[in-house]
file coords.pdb (PDB, C-alpha atoms)
ATOM      1  CA  MET A   3      17.604  -5.409   3.557
ATOM      2  CA  PRO A   4      15.415  -5.475   0.467
ATOM      3  CA  CYS A   5      11.876  -4.192   0.466
ATOM      4  CA  GLU A   6       8.982  -6.607   0.422
ATOM      5  CA  LEU A   7       5.547  -6.351  -1.190
ATOM      6  CA  ILE A   8       2.616  -8.304   0.232
ATOM      7  CA  ILE A   9      -0.445  -8.311  -2.022
ATOM      8  CA  GLY A  10      -3.823  -9.949  -1.747
ATOM      9  CA  GLY A  11      -7.541  -9.419  -2.031
ATOM     10  CA  ALA A  12      -9.886  -7.892   0.507
ATOM     11  CA  ARG A  13      -9.781  -9.770   3.820
ATOM     12  CA  SER A  14      -7.134 -12.123   2.452
ATOM     13  CA  GLY A  15      -4.903 -11.786   5.528
ATOM     14  CA  LYS A  16      -2.289  -9.563   3.857
ATOM     15  CA  SER A  17      -2.106  -6.998   6.687
ATOM     16  CA  ARG A  18      -1.922  -9.732   9.314
ATOM     17  CA  HIS A  19       0.867 -11.411   7.341
ATOM     18  CA  ALA A  20       2.743  -8.103   7.064
ATOM     19  CA  GLU A  21       2.402  -7.566  10.816
ATOM     20  CA  GLN A  22       3.689 -11.088  11.497
ATOM     21  CA  ARG A  23       6.669 -10.500   9.200
ATOM     22  CA  ALA A  24       7.401  -7.179  10.905
ATOM     23  CA  ALA A  25       7.102  -8.645  14.409
ATOM     24  CA  GLY A  26       9.357 -11.529  13.372
ATOM     25  CA  SER A  27      12.046  -9.163  12.111
ATOM     26  CA  GLY A  28      13.242  -8.484  15.657
ATOM     27  CA  LEU A  29      13.408  -4.776  14.809
ATOM     28  CA  PRO A  30      11.433  -1.864  16.227
ATOM     29  CA  VAL A  31       8.352  -1.452  14.011
ATOM     30  CA  HIS A  32       6.736   1.677  12.650
ATOM     31  CA  VAL A  33       3.580   1.605  10.541
ATOM     32  CA  ILE A  34       2.693   4.175   7.912
ATOM     33  CA  VAL A  35      -1.070   4.122   7.437
ATOM     34  CA  THR A  36      -2.767   5.643   4.412
ATOM     35  CA  ALA A  37      -6.474   5.357   5.235
ATOM     36  CA  GLU A  38      -8.620   8.329   6.156
ATOM     37  CA  ALA A  39     -11.672   8.045   8.417
ATOM     38  CA  LEU A  40     -14.107   9.802   6.095
ATOM     39  CA  ASP A  41     -17.182   7.863   7.273
ATOM     40  CA  GLU A  42     -18.293   5.566  10.093
ATOM     41  CA  GLU A  43     -17.564   2.358   8.196
ATOM     42  CA  MET A  44     -13.968   3.408   7.455
ATOM     43  CA  SER A  45     -13.567   4.576  11.056
ATOM     44  CA  ALA A  46     -14.572   1.089  12.198
ATOM     45  CA  ARG A  47     -12.087  -0.522   9.806
ATOM     46  CA  ILE A  48      -9.298   1.734  11.060
ATOM     47  CA  ALA A  49     -10.194   0.958  14.683
ATOM     48  CA  ARG A  50     -10.024  -2.785  13.913
ATOM     49  CA  HIS A  51      -6.540  -2.406  12.427
ATOM     50  CA  GLN A  52      -5.423  -0.308  15.417
ATOM     51  CA  ALA A  53      -6.691  -2.935  17.852
ATOM     52  CA  ASP A  54      -4.864  -5.698  15.978
ATOM     53  CA  ARG A  55      -1.527  -3.856  16.007
ATOM     54  CA  PRO A  56       0.896  -4.566  18.857
ATOM     55  CA  ALA A  57       1.254  -1.806  21.444
ATOM     56  CA  GLY A  58       4.490   0.083  21.130
ATOM     57  CA  TRP A  59       4.591   0.235  17.353
ATOM     58  CA  GLY A  60       5.012   3.749  16.042
ATOM     59  CA  VAL A  61       2.265   4.944  13.714
ATOM     60  CA  VAL A  62       2.422   7.714  11.119
ATOM     61  CA  GLU A  63      -0.577   8.780   9.055
ATOM     62  CA  ALA A  64       0.210   9.537   5.406
ATOM     63  CA  PRO A  65      -2.893   9.518   3.204
ATOM     64  CA  ARG A  66      -0.746  11.596   0.840
ATOM     65  CA  GLY A  67       2.946  12.438   0.956
ATOM     66  CA  LEU A  68       3.908   8.778   1.324
ATOM     67  CA  ALA A  69       7.432   9.184  -0.074
ATOM     68  CA  ALA A  70       8.212  11.954   2.412
ATOM     69  CA  ALA A  71       6.833   9.928   5.335
ATOM     70  CA  LEU A  72       8.764   6.863   4.210
ATOM     71  CA  ALA A  73      11.985   8.865   3.864
ATOM     72  CA  ASP A  74      11.561   9.985   7.486
ATOM     73  CA  GLU A  75      10.585   6.593   8.912
ATOM     74  CA  ALA A  76      12.826   4.130   7.049
ATOM     75  CA  VAL A  77      16.126   3.944   8.895
ATOM     76  CA  GLU A  78      18.676   1.234   9.553
ATOM     77  CA  GLY A  79      17.604  -0.996  12.398
ATOM     78  CA  ARG A  80      13.865  -0.407  11.923
ATOM     79  CA  CYS A  81      11.077  -2.226  10.114
ATOM     80  CA  VAL A  82       8.453  -0.051   8.446
ATOM     81  CA  VAL A  83       5.095  -1.398   7.284
ATOM     82  CA  VAL A  84       3.206   0.678   4.707
ATOM     83  CA  ASP A  85      -0.490  -0.257   4.883
ATOM     84  CA  CYS A  86      -1.649   0.204   2.260
ATOM     85  CA  LEU A  87      -0.539   1.360  -1.183
ATOM     86  CA  THR A  88      -4.011   0.870  -2.656
ATOM     87  CA  LEU A  89      -5.733   3.329  -0.314
ATOM     88  CA  TRP A  90      -2.904   5.804  -0.896
ATOM     89  CA  LEU A  91      -3.482   5.452  -4.632
ATOM     90  CA  ALA A  92      -7.207   6.052  -4.181
ATOM     91  CA  ASN A  93      -6.411   9.228  -2.233
ATOM     92  CA  LEU A  94      -4.316  10.475  -5.155
ATOM     93  CA  LEU A  95      -7.048   9.952  -7.729
ATOM     94  CA  ASP A  96      -9.041  12.934  -6.504
ATOM     95  CA  GLY A  97     -10.238  14.748  -9.613
ATOM     96  CA  ALA A  98      -9.828  11.716 -11.881
ATOM     97  CA  ASP A  99     -13.526  11.756 -12.720
ATOM     98  CA  ALA A 100     -12.845  14.924 -14.760
ATOM     99  CA  LEU A 101     -10.167  13.315 -16.944
ATOM    100  CA  PRO A 102     -10.934  12.860 -20.643
ATOM    101  CA  PRO A 103     -12.203   9.378 -21.617
ATOM    102  CA  GLY A 104      -9.345   6.898 -21.828
ATOM    103  CA  ALA A 105      -6.829   9.251 -20.153
ATOM    104  CA  GLY A 106      -4.425   7.883 -17.573
ATOM    105  CA  ALA A 107      -3.967   9.190 -14.058
ATOM    106  CA  GLU A 108      -0.545  10.585 -15.010
ATOM    107  CA  LEU A 109      -2.481  13.693 -16.107
ATOM    108  CA  LEU A 110      -3.224  14.375 -12.418
ATOM    109  CA  PRO A 111      -0.222  16.391 -11.151
ATOM    110  CA  ALA A 112      -0.359  15.142  -7.537
ATOM    111  CA  PHE A 113      -0.692  11.527  -8.659
ATOM    112  CA  ALA A 114       2.211  11.765 -11.127
ATOM    113  CA  ARG A 115       4.461  13.583  -8.634
ATOM    114  CA  GLU A 116       3.756  11.295  -5.666
ATOM    115  CA  ARG A 117       3.969   8.052  -7.639
ATOM    116  CA  ALA A 118       7.297   9.076  -9.193
ATOM    117  CA  ALA A 119       8.680  10.136  -5.804
ATOM    118  CA  LEU A 120       7.745   6.805  -4.207
ATOM    119  CA  LEU A 121       9.184   4.679  -6.998
ATOM    120  CA  ALA A 122      12.416   6.705  -7.032
ATOM    121  CA  LEU A 123      12.796   6.303  -3.257
ATOM    122  CA  ILE A 124      12.253   2.545  -2.931
ATOM    123  CA  PRO A 125      15.614   1.293  -4.286
ATOM    124  CA  GLY A 126      17.646   3.273  -1.751
ATOM    125  CA  LEU A 127      15.519   2.757   1.365
ATOM    126  CA  PRO A 128      17.475   1.734   4.468
ATOM    127  CA  GLY A 129      16.170  -0.754   7.015
ATOM    128  CA  ARG A 130      13.386  -3.153   6.227
ATOM    129  CA  VAL A 131      10.224  -1.944   4.484
ATOM    130  CA  ILE A 132       7.094  -4.029   3.932
ATOM    131  CA  PHE A 133       4.476  -2.663   1.546
ATOM    132  CA  VAL A 134       0.892  -3.939   1.650
ATOM    133  CA  ALA A 135      -1.352  -3.607  -1.411
ATOM    134  CA  ASN A 136      -4.591  -4.994  -2.766
ATOM    135  CA  GLU A 137      -4.616  -7.161  -5.850
ATOM    136  CA  VAL A 138      -7.724  -5.765  -7.510
ATOM    137  CA  GLY A 139      -7.350  -7.392 -10.908
ATOM    138  CA  PHE A 140      -8.913 -10.738  -9.928
ATOM    139  CA  GLY A 141     -12.460  -9.395  -9.772
ATOM    140  CA  LEU A 142     -15.038  -8.174 -12.201
ATOM    141  CA  VAL A 143     -14.301  -5.369 -14.636
ATOM    142  CA  PRO A 144     -15.548  -2.213 -12.899
ATOM    143  CA  GLU A 145     -18.701  -0.692 -14.331
ATOM    144  CA  THR A 146     -17.475   2.921 -14.363
ATOM    145  CA  ALA A 147     -14.562   4.599 -16.119
ATOM    146  CA  LEU A 148     -13.253   5.812 -12.751
ATOM    147  CA  GLY A 149     -13.389   2.263 -11.386
ATOM    148  CA  ARG A 150     -11.495   0.937 -14.392
ATOM    149  CA  LEU A 151      -8.887   3.717 -14.061
ATOM    150  CA  PHE A 152      -8.396   2.829 -10.386
ATOM    151  CA  ARG A 153      -8.055  -0.891 -11.169
ATOM    152  CA  ASP A 154      -5.558  -0.186 -13.969
ATOM    153  CA  GLU A 155      -3.442   2.210 -11.897
ATOM    154  CA  ALA A 156      -3.445  -0.188  -8.937
ATOM    155  CA  GLY A 157      -2.194  -2.962 -11.217
ATOM    156  CA  ARG A 158       0.516  -0.732 -12.678
ATOM    157  CA  LEU A 159       1.608   0.422  -9.215
ATOM    158  CA  ASN A 160       1.750  -3.162  -7.922
ATOM    159  CA  GLN A 161       3.889  -4.193 -10.905
ATOM    160  CA  ALA A 162       6.290  -1.260 -10.452
ATOM    161  CA  VAL A 163       6.674  -1.836  -6.699
ATOM    162  CA  ALA A 164       7.046  -5.607  -7.168
ATOM    163  CA  ASP A 165       9.831  -4.963  -9.675
ATOM    164  CA  LEU A 166      11.705  -2.865  -7.085
ATOM    165  CA  CYS A 167      11.194  -5.230  -4.136
ATOM    166  CA  GLY A 168      13.404  -8.192  -3.378
ATOM    167  CA  GLU A 169      10.475 -10.205  -2.041
ATOM    168  CA  VAL A 170       6.850 -10.402  -3.184
ATOM    169  CA  THR A 171       4.178 -12.510  -1.474
ATOM    170  CA  LEU A 172       0.579 -13.103  -2.518
ATOM    171  CA  VAL A 173      -1.796 -13.851   0.350
ATOM    172  CA  ALA A 174      -5.022 -15.718  -0.401
ATOM    173  CA  ALA A 175      -7.353 -17.193   2.242
ATOM    174  CA  GLY A 176      -4.755 -16.311   4.873
ATOM    175  CA  LEU A 177      -2.086 -18.384   3.151
ATOM    176  CA  PRO A 178       1.104 -16.733   1.872
ATOM    177  CA  LEU A 179       2.486 -17.745  -1.493
ATOM    178  CA  ARG A 180       5.973 -16.467  -2.258
ATOM    179  CA  LEU A 181       6.134 -15.040  -5.777
ATOM    180  CA  LYS A 182       9.617 -13.528  -5.685
ATOM    181  CA  GLY A 183      12.659 -13.789  -3.463
TER     182      GLY A 183
END
call {"tool": "encode", "arguments": {"input": "coords.pdb", "output": "C-alpha coordinates"}}
result
Amino acid sequence: MPCELIIGGARSGKSRHAEQRAAGSGLPVHVIVTAEALDEEMSARIARHQADRPAGWGVVEAPRGLAAALADEAVEGRCVVVDCLTLWLANLLDGADALPPGAGAELLPAFARERAALLALIPGLPGRVIFVANEVGFGLVPETALGRLFRDEAGRLNQAVADLCGEVTLVAAGLPLRLKG
(Lines of atoms letter the chains of each structure in order from A and count residues from 1; the text may use other names and numbers.)
(Lines give C-alpha, C1' and ligand atoms only; values in the text may rest on other atoms or scores of the structure.)
Protein backbone atom coordinates (compact mmCIF):
# COMPACT_ATOMS: atom_id res chain seq x y z
CA MET A 1 0.00 0.00 0.00
CA PRO A 2 1.38 3.45 -0.74
CA CYS A 3 2.42 5.84 1.98
CA GLU A 4 0.26 8.80 2.83
CA LEU A 5 1.18 12.30 4.00
CA ILE A 6 -1.28 14.35 6.04
CA ILE A 7 -0.28 17.99 6.44
CA GLY A 8 -1.92 20.94 8.11
CA GLY A 9 -1.41 23.84 10.46
CA ALA A 10 -1.34 23.80 14.24
CA ARG A 11 -4.58 22.41 15.68
CA SER A 12 -5.92 21.79 12.18
CA GLY A 13 -7.06 18.23 12.99
CA LYS A 14 -4.24 16.50 11.08
CA SER A 15 -3.35 14.04 13.87
CA ARG A 16 -7.01 13.21 14.47
CA HIS A 17 -7.47 12.62 10.74
CA ALA A 18 -4.39 10.37 10.65
CA GLU A 19 -5.73 8.39 13.61
CA GLN A 20 -9.12 8.01 11.90
CA ARG A 21 -7.43 6.81 8.70
CA ALA A 22 -5.32 4.34 10.68
CA ALA A 23 -8.30 3.03 12.67
CA GLY A 24 -10.28 2.68 9.43
CA SER A 25 -7.53 0.62 7.81
CA GLY A 26 -8.62 -2.49 9.72
CA LEU A 27 -4.96 -3.21 10.48
CA PRO A 28 -3.13 -3.30 13.80
CA VAL A 29 -1.78 0.22 14.40
CA HIS A 30 1.58 1.34 15.71
CA VAL A 31 2.46 5.00 16.24
CA ILE A 32 5.96 6.42 16.01
CA VAL A 33 6.05 9.63 18.04
CA THR A 34 8.80 12.20 17.65
CA ALA A 35 8.07 14.71 20.42
CA GLU A 36 10.18 15.01 23.54
CA ALA A 37 8.77 16.20 26.87
CA LEU A 38 11.37 18.89 27.52
CA ASP A 39 9.04 21.18 29.49
CA GLU A 40 5.64 21.13 31.20
CA GLU A 41 3.76 22.54 28.22
CA MET A 42 5.12 19.86 25.87
CA SER A 43 4.42 17.20 28.50
CA ALA A 44 0.79 18.34 28.55
CA ARG A 45 0.59 18.20 24.75
CA ILE A 46 2.03 14.69 24.72
CA ALA A 47 -0.42 13.58 27.43
CA ARG A 48 -3.32 14.95 25.35
CA HIS A 49 -2.20 12.96 22.31
CA GLN A 50 -1.77 9.82 24.44
CA ALA A 51 -5.27 10.20 25.86
CA ASP A 52 -6.75 10.62 22.38
CA ARG A 53 -5.07 7.48 21.02
CA PRO A 54 -7.01 4.20 21.14
CA ALA A 55 -5.83 1.69 23.74
CA GLY A 56 -3.95 -1.20 22.22
CA TRP A 57 -1.99 0.79 19.67
CA GLY A 58 1.73 0.19 19.88
CA VAL A 59 3.83 3.29 20.50
CA VAL A 60 7.51 3.82 19.72
CA GLU A 61 9.37 7.01 20.62
CA ALA A 62 11.81 8.22 17.96
CA PRO A 63 12.78 11.87 18.41
CA ARG A 64 15.78 10.92 16.27
CA GLY A 65 16.55 7.74 14.36
CA LEU A 66 13.19 7.84 12.59
CA ALA A 67 14.30 5.76 9.59
CA ALA A 68 15.55 2.97 11.85
CA ALA A 69 12.34 2.99 13.90
CA LEU A 70 10.24 3.00 10.74
CA ALA A 71 12.23 0.11 9.26
CA ASP A 72 11.46 -1.91 12.41
CA GLU A 73 7.78 -0.97 12.67
CA ALA A 74 6.57 -0.97 9.05
CA VAL A 75 5.59 -4.52 8.15
CA GLU A 76 2.96 -6.09 5.95
CA GLY A 77 -0.39 -6.21 7.68
CA ARG A 78 0.27 -3.20 9.93
CA CYS A 79 -0.52 0.50 9.76
CA VAL A 80 2.13 2.85 11.12
CA VAL A 81 1.43 6.50 11.92
CA VAL A 82 4.45 8.81 12.17
CA ASP A 83 3.46 11.86 14.25
CA CYS A 84 5.10 14.10 13.39
CA LEU A 85 7.79 14.83 10.81
CA THR A 86 7.99 18.49 11.81
CA LEU A 87 8.98 17.82 15.42
CA TRP A 88 11.49 15.23 14.21
CA LEU A 89 12.97 17.87 11.92
CA ALA A 90 13.19 20.35 14.79
CA ASN A 91 15.06 17.73 16.84
CA LEU A 92 17.60 17.37 14.03
CA LEU A 93 18.32 21.09 13.81
CA ASP A 94 20.30 21.10 17.04
CA GLY A 95 23.36 23.25 16.40
CA ALA A 96 21.80 25.07 13.43
CA ASP A 97 22.15 28.40 15.20
CA ALA A 98 25.93 28.10 14.63
CA LEU A 99 25.63 27.70 10.85
CA PRO A 100 26.99 30.50 8.66
CA PRO A 101 24.38 33.03 7.45
CA GLY A 102 22.38 31.63 4.55
CA ALA A 103 23.69 28.07 5.01
CA GLY A 104 21.31 25.14 4.71
CA ALA A 105 20.77 22.45 7.31
CA GLU A 106 22.53 19.92 5.06
CA LEU A 107 25.74 21.15 6.73
CA LEU A 108 24.54 19.47 9.96
CA PRO A 109 25.77 15.85 9.71
CA ALA A 110 22.93 14.29 11.75
CA PHE A 111 20.30 16.21 9.80
CA ALA A 112 21.76 15.27 6.40
CA ARG A 113 22.21 11.60 7.38
CA GLU A 114 18.76 11.14 8.94
CA ARG A 115 16.87 13.01 6.22
CA ALA A 116 18.59 11.00 3.47
CA ALA A 117 17.92 7.72 5.30
CA LEU A 118 14.21 8.51 5.68
CA LEU A 119 13.72 9.56 2.07
CA ALA A 120 15.59 6.49 0.80
CA LEU A 121 13.43 4.19 2.95
CA ILE A 122 9.97 5.51 2.06
CA PRO A 123 9.60 4.01 -1.45
CA GLY A 124 10.16 0.45 -0.25
CA LEU A 125 8.16 0.51 2.99
CA PRO A 126 5.82 -2.46 3.46
CA GLY A 127 2.38 -2.15 5.04
CA ARG A 128 0.60 1.14 5.32
CA VAL A 129 2.42 4.23 6.60
CA ILE A 130 0.79 7.57 7.39
CA PHE A 131 3.07 10.55 7.95
CA VAL A 132 1.82 13.65 9.77
CA ALA A 133 3.53 17.01 9.25
CA ASN A 134 2.89 20.68 9.83
CA GLU A 135 2.48 23.05 6.92
CA VAL A 136 4.43 25.99 8.29
CA GLY A 137 4.65 28.07 5.13
CA PHE A 138 1.21 29.70 5.48
CA GLY A 139 2.23 31.98 8.33
CA LEU A 140 4.40 35.00 8.78
CA VAL A 141 8.05 34.98 7.76
CA PRO A 142 9.95 34.08 10.94
CA GLU A 143 11.90 36.89 12.54
CA THR A 144 15.11 34.92 13.15
CA ALA A 145 17.49 33.16 10.79
CA LEU A 146 16.97 29.91 12.71
CA GLY A 147 13.20 30.27 12.34
CA ARG A 148 13.53 30.86 8.61
CA LEU A 149 15.86 27.85 8.27
CA PHE A 150 13.33 25.66 10.10
CA ARG A 151 10.45 26.90 7.92
CA ASP A 152 12.48 26.32 4.73
CA GLU A 153 13.63 22.83 5.73
CA ALA A 154 10.10 21.87 6.80
CA GLY A 155 8.80 22.96 3.40
CA ARG A 156 11.52 21.03 1.58
CA LEU A 157 10.89 17.92 3.68
CA ASN A 158 7.13 18.11 3.07
CA GLN A 159 7.71 18.41 -0.68
CA ALA A 160 10.12 15.45 -0.75
CA VAL A 161 7.81 13.21 1.32
CA ALA A 162 4.74 14.27 -0.69
CA ASP A 163 6.58 13.32 -3.88
CA LEU A 164 7.21 9.81 -2.50
CA CYS A 165 3.71 9.24 -1.10
CA GLY A 166 0.80 7.94 -3.12
CA GLU A 167 -1.67 10.05 -1.16
CA VAL A 168 -1.38 13.57 0.27
CA THR A 169 -4.11 15.29 2.28
CA LEU A 170 -4.21 18.85 3.61
CA VAL A 171 -6.30 19.30 6.74
CA ALA A 172 -7.65 22.77 7.54
CA ALA A 173 -10.27 23.53 10.22
CA GLY A 174 -10.70 19.78 10.70
CA LEU A 175 -11.63 19.26 7.06
CA PRO A 176 -9.49 17.02 4.84
CA LEU A 177 -8.73 18.12 1.30
CA ARG A 178 -7.16 15.47 -0.91
CA LEU A 179 -4.21 16.90 -2.83
CA LYS A 180 -2.85 13.71 -4.37
CA GLY A 181 -4.08 10.17 -4.88
call {"tool": "axis_aligned_box", "arguments": {"input": "coords.pdb", "around": "segment 48-64 of chain A", "padding_each_side": "3 Å", "output": "lines of an AutoDock Vina configuration file"}}
result
center_x = -2.6
center_y = 1.9
center_z = 13.4
size_x = 21.2
size_y = 21.2
size_z = 22.0
call {"tool": "resolve_selection", "arguments": {"input": "coords.pdb", "expression": "the PyMOL selection byres ((chain A and resi 71-73) around 10)", "output": "list of chain:residue names"}}
result
A:Val33, A:Ile34, A:Val62, A:Glu63, A:Ala64, A:Pro65, A:Arg66, A:Gly67, A:Leu68, A:Ala69, A:Ala70, A:Asp74, A:Glu75, A:Ala76, A:Val77, A:Val82, A:Val83, A:Val84, A:Leu120, A:Leu123, A:Ile124, A:Gly126, A:Leu127, A:Pro128, A:Val131
call {"tool": "write_last_selection", "arguments": {"input": "coords.pdb", "atoms": "C-alpha atoms", "output": "mmCIF file, keeping the file's coordinate frame"}}
result
data_model
loop_
_atom_site.group_PDB
_atom_site.id
_atom_site.type_symbol
_atom_site.label_atom_id
_atom_site.label_comp_id
_atom_site.auth_asym_id
_atom_site.auth_seq_id
_atom_site.Cartn_x
_atom_site.Cartn_y
_atom_site.Cartn_z
ATOM 1 C CA VAL A 33 3.580 1.605 10.541
ATOM 2 C CA ILE A 34 2.693 4.175 7.912
ATOM 3 C CA VAL A 62 2.422 7.714 11.119
ATOM 4 C CA GLU A 63 -0.577 8.780 9.055
ATOM 5 C CA ALA A 64 0.210 9.537 5.406
ATOM 6 C CA PRO A 65 -2.893 9.518 3.204
ATOM 7 C CA ARG A 66 -0.746 11.596 0.840
ATOM 8 C CA GLY A 67 2.946 12.438 0.956
ATOM 9 C CA LEU A 68 3.908 8.778 1.324
ATOM 10 C CA ALA A 69 7.432 9.184 -0.074
ATOM 11 C CA ALA A 70 8.212 11.954 2.412
ATOM 12 C CA ASP A 74 11.561 9.985 7.486
ATOM 13 C CA GLU A 75 10.585 6.593 8.912
ATOM 14 C CA ALA A 76 12.826 4.130 7.049
ATOM 15 C CA VAL A 77 16.126 3.944 8.895
ATOM 16 C CA VAL A 82 8.453 -0.051 8.446
ATOM 17 C CA VAL A 83 5.095 -1.398 7.284
ATOM 18 C CA VAL A 84 3.206 0.678 4.707
ATOM 19 C CA LEU A 120 7.745 6.805 -4.207
ATOM 20 C CA LEU A 123 12.796 6.303 -3.257
ATOM 21 C CA ILE A 124 12.253 2.545 -2.931
ATOM 22 C CA GLY A 126 17.646 3.273 -1.751
ATOM 23 C CA LEU A 127 15.519 2.757 1.365
ATOM 24 C CA PRO A 128 17.475 1.734 4.468
ATOM 25 C CA VAL A 131 10.224 -1.944 4.484
#
call {"tool": "residues_around", "arguments": {"input": "coords.pdb", "residues": "Asp165 of chain A", "least_positions_apart": "4", "cutoff": "12 Å", "atoms": "only C-alpha atoms", "output": "list of chain:residue names"}}
result
A:Pro4, A:Cys5, A:Glu6, A:Leu7, A:Leu121, A:Ile124, A:Pro125, A:Arg158, A:Leu159, A:Asn160, A:Gln161, A:Glu169, A:Val170, A:Leu181, A:Lys182, A:Gly183
call {"tool": "atom_distance", "arguments": {"input": "coords.pdb", "atom1": "atom CA of Asp96 of chain A", "atom2": "atom CA of Val173 of chain A"}}
result
28.6 Å
call {"tool": "resolve_selection", "arguments": {"input": "coords.pdb", "expression": "the PyMOL selection byres ((chain A and resi 18-23) around 8)", "output": "list in words"}}
result
Ile8, Gly15, Lys16, Ser17, Ala24, Ala25, Gly26, Ser27, Arg55, Val83, Ile132, Phe133, Val134, Val173, Gly176 and Pro178 of chain A
call {"tool": "atom_distance", "arguments": {"input": "coords.pdb", "atom1": "atom CA of Glu116 of chain A", "atom2": "atom CA of Leu87 of chain A"}}
result
11.7 Å
call {"tool": "atom_distance", "arguments": {"input": "coords.pdb", "atom1": "atom CA of Phe140 of chain A", "atom2": "atom CA of Gly11 of chain A"}}
result
8.1 Å
call {"tool": "decode", "arguments": {"input": "coords.pdb", "residues": "segment 52-79 of chain A", "atoms": "N, CA and C atoms", "output": "PDB file, in the first residue's frame"}}
result
ATOM      1  N   GLN A  52      -1.680  11.178  23.901  1.00  0.00           N
ATOM      2  CA  GLN A  52      -1.770   9.821  24.441  1.00  0.00           C
ATOM      3  C   GLN A  52      -3.201   9.478  24.821  1.00  0.00           C
ATOM      4  N   ALA A  53      -3.892  10.430  25.445  1.00  0.00           N
ATOM      5  CA  ALA A  53      -5.273  10.199  25.862  1.00  0.00           C
ATOM      6  C   ALA A  53      -6.207  10.030  24.669  1.00  0.00           C
ATOM      7  N   ASP A  54      -5.904  10.701  23.573  1.00  0.00           N
ATOM      8  CA  ASP A  54      -6.750  10.617  22.380  1.00  0.00           C
ATOM      9  C   ASP A  54      -6.556   9.323  21.598  1.00  0.00           C
ATOM     10  N   ARG A  55      -5.404   8.682  21.772  1.00  0.00           N
ATOM     11  CA  ARG A  55      -5.072   7.477  21.017  1.00  0.00           C
ATOM     12  C   ARG A  55      -5.824   6.266  21.555  1.00  0.00           C
ATOM     13  N   PRO A  56      -6.336   5.415  20.677  1.00  0.00           N
ATOM     14  CA  PRO A  56      -7.011   4.202  21.145  1.00  0.00           C
ATOM     15  C   PRO A  56      -6.065   3.293  21.934  1.00  0.00           C
ATOM     16  N   ALA A  57      -6.603   2.662  22.963  1.00  0.00           N
ATOM     17  CA  ALA A  57      -5.829   1.686  23.736  1.00  0.00           C
ATOM     18  C   ALA A  57      -5.470   0.521  22.807  1.00  0.00           C
ATOM     19  N   GLY A  58      -4.348  -0.049  23.028  1.00  0.00           N
ATOM     20  CA  GLY A  58      -3.948  -1.197  22.224  1.00  0.00           C
ATOM     21  C   GLY A  58      -3.049  -0.860  21.049  1.00  0.00           C
ATOM     22  N   TRP A  59      -2.917   0.409  20.730  1.00  0.00           N
ATOM     23  CA  TRP A  59      -1.994   0.793  19.670  1.00  0.00           C
ATOM     24  C   TRP A  59      -0.584   0.785  20.228  1.00  0.00           C
ATOM     25  N   GLY A  60       0.324   0.179  19.487  1.00  0.00           N
ATOM     26  CA  GLY A  60       1.726   0.191  19.882  1.00  0.00           C
ATOM     27  C   GLY A  60       2.308   1.583  19.693  1.00  0.00           C
ATOM     28  N   VAL A  61       3.203   1.970  20.583  1.00  0.00           N
ATOM     29  CA  VAL A  61       3.829   3.288  20.497  1.00  0.00           C
ATOM     30  C   VAL A  61       5.342   3.134  20.621  1.00  0.00           C
ATOM     31  N   VAL A  62       6.053   3.791  19.709  1.00  0.00           N
ATOM     32  CA  VAL A  62       7.510   3.823  19.720  1.00  0.00           C
ATOM     33  C   VAL A  62       7.929   5.281  19.719  1.00  0.00           C
ATOM     34  N   GLU A  63       8.851   5.640  20.594  1.00  0.00           N
ATOM     35  CA  GLU A  63       9.367   7.005  20.622  1.00  0.00           C
ATOM     36  C   GLU A  63      10.624   7.085  19.766  1.00  0.00           C
ATOM     37  N   ALA A  64      10.652   8.038  18.849  1.00  0.00           N
ATOM     38  CA  ALA A  64      11.805   8.216  17.958  1.00  0.00           C
ATOM     39  C   ALA A  64      12.023   9.705  17.675  1.00  0.00           C
ATOM     40  N   PRO A  65      12.487  10.454  18.676  1.00  0.00           N
ATOM     41  CA  PRO A  65      12.776  11.866  18.412  1.00  0.00           C
ATOM     42  C   PRO A  65      13.914  12.034  17.406  1.00  0.00           C
ATOM     43  N   ARG A  66      14.739  11.026  17.294  1.00  0.00           N
ATOM     44  CA  ARG A  66      15.784  10.923  16.273  1.00  0.00           C
ATOM     45  C   ARG A  66      15.787   9.466  15.842  1.00  0.00           C
ATOM     46  N   GLY A  67      16.521   9.135  14.805  1.00  0.00           N
ATOM     47  CA  GLY A  67      16.552   7.744  14.360  1.00  0.00           C
ATOM     48  C   GLY A  67      15.232   7.276  13.782  1.00  0.00           C
ATOM     49  N   LEU A  68      14.511   8.176  13.121  1.00  0.00           N
ATOM     50  CA  LEU A  68      13.190   7.839  12.586  1.00  0.00           C
ATOM     51  C   LEU A  68      13.256   6.738  11.535  1.00  0.00           C
ATOM     52  N   ALA A  69      14.215   6.797  10.636  1.00  0.00           N
ATOM     53  CA  ALA A  69      14.300   5.762   9.588  1.00  0.00           C
ATOM     54  C   ALA A  69      14.488   4.379  10.198  1.00  0.00           C
ATOM     55  N   ALA A  70      15.322   4.263  11.204  1.00  0.00           N
ATOM     56  CA  ALA A  70      15.549   2.972  11.849  1.00  0.00           C
ATOM     57  C   ALA A  70      14.274   2.477  12.536  1.00  0.00           C
ATOM     58  N   ALA A  71      13.587   3.377  13.242  1.00  0.00           N
ATOM     59  CA  ALA A  71      12.335   2.991  13.903  1.00  0.00           C
ATOM     60  C   ALA A  71      11.283   2.579  12.883  1.00  0.00           C
ATOM     61  N   LEU A  72      11.211   3.305  11.788  1.00  0.00           N
ATOM     62  CA  LEU A  72      10.236   2.996  10.744  1.00  0.00           C
ATOM     63  C   LEU A  72      10.556   1.665  10.070  1.00  0.00           C
ATOM     64  N   ALA A  73      11.828   1.391   9.859  1.00  0.00           N
ATOM     65  CA  ALA A  73      12.231   0.110   9.263  1.00  0.00           C
ATOM     66  C   ALA A  73      11.815  -1.051  10.158  1.00  0.00           C
ATOM     67  N   ASP A  74      11.869  -0.864  11.465  1.00  0.00           N
ATOM     68  CA  ASP A  74      11.459  -1.906  12.409  1.00  0.00           C
ATOM     69  C   ASP A  74       9.947  -2.061  12.489  1.00  0.00           C
ATOM     70  N   GLU A  75       9.222  -0.958  12.424  1.00  0.00           N
ATOM     71  CA  GLU A  75       7.778  -0.973  12.671  1.00  0.00           C
ATOM     72  C   GLU A  75       6.924  -1.234  11.435  1.00  0.00           C
ATOM     73  N   ALA A  76       7.375  -0.815  10.270  1.00  0.00           N
ATOM     74  CA  ALA A  76       6.569  -0.968   9.052  1.00  0.00           C
ATOM     75  C   ALA A  76       6.706  -2.402   8.525  1.00  0.00           C
ATOM     76  N   VAL A  77       5.629  -3.140   8.650  1.00  0.00           N
ATOM     77  CA  VAL A  77       5.593  -4.515   8.154  1.00  0.00           C
ATOM     78  C   VAL A  77       4.263  -4.746   7.454  1.00  0.00           C
ATOM     79  N   GLU A  78       4.226  -5.742   6.594  1.00  0.00           N
ATOM     80  CA  GLU A  78       2.961  -6.090   5.947  1.00  0.00           C
ATOM     81  C   GLU A  78       1.922  -6.385   7.016  1.00  0.00           C
ATOM     82  N   GLY A  79       0.700  -5.933   6.755  1.00  0.00           N
ATOM     83  CA  GLY A  79      -0.387  -6.208   7.678  1.00  0.00           C
ATOM     84  C   GLY A  79      -0.438  -5.287   8.882  1.00  0.00           C
TER      85      GLY A  79
END
